[in-house]
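These notes concern the structure reproduced below.
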Amino acid sequence: MSATDSLETILNGLKNSDGGVRADNPVADRSLPAGKNSFAAKKEVAGGRVSFSLAGINDFLLDYYGLALLVLLWELAPRLGWIDGQFFPPLSLVFQEAGKITITGELLNHVVASLQRTVQGLLVAIVLAVPAGFVLAGWFPRLTSFLSPLLKLLGQINAFSLFPLFVLFFGIGELAKFCIIFWSCLWPILFTTIAGVKGVDPLLIKVSRSMGSGRLTLFARVLLPGSLPSIFTGIRLGATVAFLMLIAAEMIGANFGLGYLIHYSNVNSVIPRIYVGVLVIAFLGMSINYLVHWIEGRVVTWKQDLNVT
Amino acid sequence: MSSSVKKVPFWAVERWLSVVLFLGVWELAPRAGGLLEVFIAPPSVVVNVLLEMIREDLLPGHVLVSLGRAAAGFVAAALLAVPLGFLLGSGFRTFERLVTPLLRFFAQLNPFSLFPLFILIFGIGELSKGTMIFWVCIWPILFNTINGVKEIDPLLVKSARSMGTGICTLFFRVILPAALPGIFTGLKMGAGTAFFMLIAAEMIGASRGLGWLVWNAQTNFQMPQLFAATVVISVLGLILQWLFVLIEGKLLGWRENVVH
């Protein structure tokens, strides 16, 4: 994200060569003199070429300064006594703790367990919701509008209030956790699939029908590619929610998994391990997000090039 | 597709038929006996329980407590996030690029994983729950405000300035309304998230509130109460959403006339 931001800055600078007044700077452009704010201004002077000067490197690293500062503060503040080291252990201690549980293989177990649960719930939700969405929106539009108030109502039901219900039904086992995750992802994916199918340009459908395509061709060549962006948005949303709910479910009733790691570290007051859990979860969450983005990039982009709308 | 959907009034039967049918199934299914009867409370029983709770003056108290907590966290988050969003979106590039990655990192952190930390720091009282909700709401509001501010058409600002408007008028007449769609999206998302997390927070550590009602009912295996609380939570969530849509219509009604 930061690399593209840097590129954007450079390109913006190249585009706005009217003395530093920039189009994306409506409020501040009178208050900042031309050369002061932007490193991009220096690049204009250099004839618009991207230079590897100190300014260029600085510009690139700018995105990371904030995080570096955070790391620095996190390390120093507890050691210098600025904040309570009991509740905010220094970062090195957190890494030490992470190393400890990685060596014993415990961390890996937790990670795998959490990922497994997330993926299971997500996949089943996808396998059910996407076809259901297609069938509903594509072949039974009136049924869809008939069911839509009910679906919206069901989707609104807070997954947390269902959790005790699932636990009572299925006991505190894997099934209750699976159901919570499944329920949480089902609705975003279903709704975005329906929206995606409905949102396919009717002109495309008519054109393809007028060329005599049957139902299967229509589905595979027009509806599916057209609705994929929307579906992927839903999948991304679903994955985020699923991972979120998973941690909650694991904190309440599990014997392994990242949520459980945090929970028992809290109960046993091994504070650094809580932070290990927090960081690992954040990292995993970002990875899942990137993964879905990447899959989307591989599956959808070239189709979008063909479907010039 | 949109041309074939006719406008149906809000209260028309056909809109709610599916819900009515669902209620019917919900009512009849437990009577079939077996597992369903034990675990599912039919709507008639649920309604009775709800009325009883209202009569005993239990329900309004819990609802107010829950809404109060959510509102407090939400308002505090909005008061911080909107100005900060303006600051970050207004194009102080260096400041923005220093701070935004940090904020995005913090937004990534799973709120549940942070909950034990909040409890450690703030204790098991109102403050930890309030801070949780504050934390959770702040990110959608902040990032959507930033987007809203960034999307302001610079032409609007330039033409207003060329007519000699001062800073105050510029802000309240041009910038604020132009950023309002983005801000409002953020507020909507924030409110939804606040309510969602509130229930979770109350289930874990509270002695009053809707989340506590659910948890308590589960511990005592009181199915009707559990269903009743769930229904109340869902209905409240819907009302909240609908309220926001209504306010959005009033505040941003002019948006319909703008050609995008």
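To be explicit about the labels: the chains of the structure tokens are called A, B, and onward in the order shown, and within each one the residues are counted from 1, while ligands get numbers from 1 in the order they are shown.
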Non-local contacts of A:Phe160 (8 Å; only C-alpha atoms; under 3 positions in same chain excluded) as number ranges by chain: A: 163-164; B: 199-200
Would you output that residue set with N, CA and C atoms, as a JSON list (two decimals), in the first residue's frame?
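Generated file (again.json):
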```
[["chain", "number", "residue", "atom", "x", "y", "z"],
["A", 163, "PHE", "N", -24.51, -17.21, 19.75],
["A", 163, "PHE", "CA", -23.46, -18.10, 20.24],
["A", 163, "PHE", "C", -23.93, -18.99, 21.39],
["A", 164, "PRO", "N", -24.58, -18.41, 22.42],
["A", 164, "PRO", "CA", -25.08, -19.29, 23.49],
["A", 164, "PRO", "C", -26.06, -20.33, 22.96],
["B", 199, "ILE", "N", -22.71, -5.78, 22.45],
["B", 199, "ILE", "CA", -23.31, -7.03, 22.91],
["B", 199, "ILE", "C", -22.21, -7.99, 23.37],
["B", 200, "ALA", "N", -21.15, -8.07, 22.57],
["B", 200, "ALA", "CA", -20.05, -8.96, 22.95],
["B", 200, "ALA", "C", -19.46, -8.55, 24.29]]
```
Contact residues around stretch 277-286 of chain A with only C-alpha atoms at 6 Å, ignoring same-chain residues under 4 positions, as a ChimeraX atom specification: /A:262 /B:108-109,113
Residue neighbourhood B:Ile152, 12 Å, only C-alpha atoms, exclusion window fewer than 2 positions, as a PyMOL selection string: (chain A and resi 23-27) or (chain B and resi 86+89-91+145-150+154-158+171+174-183)
Stretch 85-87 of chain A environment, 12 Å, only C-alpha atoms, sequence neighbours closer than 4 positions dropped, as a list in words: Trp74, Glu75, Leu76, Ala77, Pro78, Arg79, Leu80, Gly81, Leu91, Leu93, Val94, Asn266, Ser269, Val270, Ile271, Pro272, Arg273, Ile274 and Tyr275 of chain A; Pro116, Leu117, Phe118, Ile119, Leu120, Ile121 and Phe122 of chain B
Non-local contacts of A:Ile172 (12 Å; only C-alpha atoms; under 3 positions in same chain excluded) as a CSV table (one decimal) with C-alpha atoms, in the first residue's frame:
```csv
chain,number,residue,atom,x,y,z
A,163,PHE,CA,-23.5,-18.1,20.2
A,164,PRO,CA,-25.1,-19.3,23.5
A,165,LEU,CA,-27.8,-20.9,21.4
A,166,PHE,CA,-25.3,-22.8,19.3
A,167,VAL,CA,-23.4,-23.8,22.5
A,168,LEU,CA,-26.6,-25.1,24.0
A,169,PHE,CA,-27.5,-27.0,20.8
A,175,LEU,CA,-19.4,-27.5,15.9
A,176,ALA,CA,-20.6,-24.5,17.8
A,177,LYS,CA,-17.5,-22.5,16.8
A,178,PHE,CA,-17.9,-23.7,13.2
A,179,CYS,CA,-21.6,-22.6,13.2
A,180,ILE,CA,-20.7,-19.1,14.5
A,249,ALA,CA,-15.4,-17.9,20.0
A,250,GLU,CA,-12.0,-19.3,20.9
A,251,MET,CA,-11.7,-16.9,23.9
A,252,ILE,CA,-14.9,-18.2,25.3
A,253,GLY,CA,-14.7,-21.9,24.8
A,254,ALA,CA,-11.7,-23.6,23.3
A,255,ASN,CA,-8.6,-25.6,24.3
```
Selection near B:Pro60, 12 Å with only C-alpha atoms, sequence-local residues under 5 positions removed, as a list in words: Leu50, Leu51, Glu52, Met53, Ile54, Arg55, Val65, Ser66, Leu67, Gly68, Arg208, Gly209, Leu210, Ala229 and Val232 of chain B
Residues within 6 Å of stretch 221-227 of chain B, only C-alpha atoms, excluding chain neighbours under 6 positions, as a PyMOL selection string: chain B and resi 41+46+214
Resulting file, chosen residues, N, CA and C atoms, as a PDB file, in the first residue's frame:
```pdb
ATOM      1  N   ALA B  41     -37.860 -21.552  21.510  1.00  0.00           N
ATOM      2  CA  ALA B  41     -39.058 -20.971  22.104  1.00  0.00           C
ATOM      3  C   ALA B  41     -39.868 -20.314  21.000  1.00  0.00           C
ATOM      4  N   VAL B  46     -42.173 -16.191  23.412  1.00  0.00           N
ATOM      5  CA  VAL B  46     -41.217 -15.099  23.456  1.00  0.00           C
ATOM      6  C   VAL B  46     -41.920 -13.773  23.723  1.00  0.00           C
ATOM      7  N   VAL B 214     -28.663 -11.998  27.553  1.00  0.00           N
ATOM      8  CA  VAL B 214     -28.469 -13.202  26.745  1.00  0.00           C
ATOM      9  C   VAL B 214     -27.622 -14.214  27.502  1.00  0.00           C
TER      10      VAL B 214
END
```
Among listed residues A:Lys206, A:Arg221, A:Arg215, A:Lys198, nearest chain B (using only C-alpha atoms):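 Selected residue with least distance to chain B: A:Lys198.
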DSSP-assigned alpha helix (DSSP H) members of stretch 8-235 of chain A, reported as a PyMOL selection string: chain A and resi 8-15+34-37+39-45+54-80+91-103+106-134+141-156+159-170+174-198+202-210+215-217+224-235
B:Cys168, B:Leu98, B:Ala78, B:Leu36 ranked by distance to chain A, top pick (using only C-alpha atoms): B:Leu98
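Of note, atom CA of A:Val197 and atom CA of A:Ala137 are spaced 6.2 Å apart.
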Option closest in space to A:Arg298, from A:Ile194, A:Met211, A:Val111, A:Leu228 [counting only C-alpha atoms]: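 Closest to A:Arg298, using only C-alpha atoms: A:Leu228.
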